[in-house]
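Enquirer: One structure, as structure tokens, below. Some questions next.
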Amino acid sequence: MPTPHIRAERGQIADRVIMPGDPRRAERIAVDYLDDAELVTDVRGILGFTGTWEGRRVTAMASGMGAPSMTIYATELAREYGVTQIVRVGTAGGMSTDVHVRDVIIATGAHTDSGMTASRIPGVSFSHLADFGLARAAVETAAALPGDAAVHAGAVFTSDHFYLARPELTAALTAHGTLAVEMEAAALYAVGAAEGVRTLAVVTVSDHLVTGESMTADERETQFDAAVRIALAL
């Protein structure tokens with residue numbers, strides 16, 4: 001049953017997966033939110049834990065960074081482990097001045113210039129969309145959350161680049177309503193469409209490309225409570 005990238009046996013991974021990029025975030029979610037969490041996979045340092053949240057089984061598992069890594073893990077979870085729902089929780093860089101550091105974005109769609117999209121259906125500009133039911137439920141859940149975290153719903157941009165500065169591209173995307181940039185949502189949504197899995201990305205703004213605001217490294221690991229609670233409620 002184990003795959004080249006996941007060592008769990010059949011039944012050890014829940015049908016609902018919460019998927020941060022960082023293995024340490026997956027462990028923190030397991031420790032801070034799940035009851036009776038057990039480590040079920042650790043291949044290549046990508047940690048996955050299965051436990052329960054309010055009586056429902058859920059797995060918190062990392063995806064690694066970037067579209068190729070997300071595609072590998074999401075595909076194996078869908079095909080080999082029967083996972084039916086994957087919600088990415090991670091960080092993003094704000095692009096629109098309507099969003100600020102520590103805000104949460106429910107990504108209803110994801111633009112991308114990744115070559116992975118071009119090769120999926122040659123000649124077609126594939127539309128990367130979240131599952132509508134999950135997105136709607138996430139918006140409703142966010143409205144009922146205590147606290148003062150601002151929550152936005154809209155499109156993000158999935159990029160293969162982390163350090164490449166492209167101010168003209170940022171300006172063009174924000175002029176078309178794009179809220180933030182990250183590295184995995186489009187790949188997750190493409191896998192969801194191909195494999196029949198419900199997918200959604202709920203990300204916390206950790207820094208801002210325009211204003212220069214930024215979280216510390218420690219804050220990037222800990223300041224995502226609202227996003228995790230939204231994801232767990234779905």
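Each chain in the structure tokens gets a letter, A, B and so on, in the order shown; residues start at 1 in every chain, and ligands are counted from 1 in the order they appear.
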Excluding region 187-191 of chain A and its own-chain neighbours fewer than 6 positions away, which residues fall within 12 Å of it when counting only C-alpha atoms? Please give them as number ranges by chain.
Expert: A: 19-21, 63, 65-79, 83-89, 107-121, 125-132, 156-160, 197-202
Enquirer: Among region 106-227 of chain A, which residues carry a DSSP assignment of strand (DSSP E), reported as a ChimeraX atom specification?
Expert: /A:106-112,151-158,180-182,198-208
Enquirer: Find, counting only C-alpha atoms, the residue in A:Pro167, A:Ala155, A:Leu47, A:Arg16 that gets nearest to Ala186 (chain A).
Expert: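 Counting only C-alpha atoms, the residue closest to Ala186 (chain A) is A:Ala155.
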Enquirer: Counting only C-alpha atoms, which residue out of A:Leu179, A:Leu209, A:Met215, A:Ile13 sits closest to Ala153 (chain A)?
Expert: A:Leu179
Enquirer: Between A:Ser214, A:Thr170, A:Thr141, A:Thr52, which has the minimum distance to Ser96 (chain A) (counting only C-alpha atoms)?
Expert: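 The shortest atom-to-atom distance to Ser96 (chain A) comes from A:Thr170.
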Enquirer: Mind checking which residues fall within 12 Å of Ala175 (chain A), counting only C-alpha atoms, ignoring those fewer than 6 positions away in the same chain, and posting them as a PyMOL selection string?
Expert: chain A and resi 95-98+155+168-169
Enquirer: Select, from A:Ala26, A:Val58, A:Ala14, A:Ala8, the residue with the minimum atom-to-atom distance to Leu232 (chain A), counting only C-alpha atoms.
Expert: A:Val58
Enquirer: For the atom pair CA of Ala135 (chain A) and CA of Ala60 (chain A), what is the interatomic distance in Å to one decimal place?
Expert: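 Between CA of Ala135 (chain A) and CA of Ala60 (chain A) the gap is 19.3 Å.
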Enquirer: Using only C-alpha atoms, pick whichever of A:Pro4, A:Gly196, A:Gly93, A:Gly147 has the shortest atom-to-atom distance to Val181 (chain A).
Expert: A:Gly93
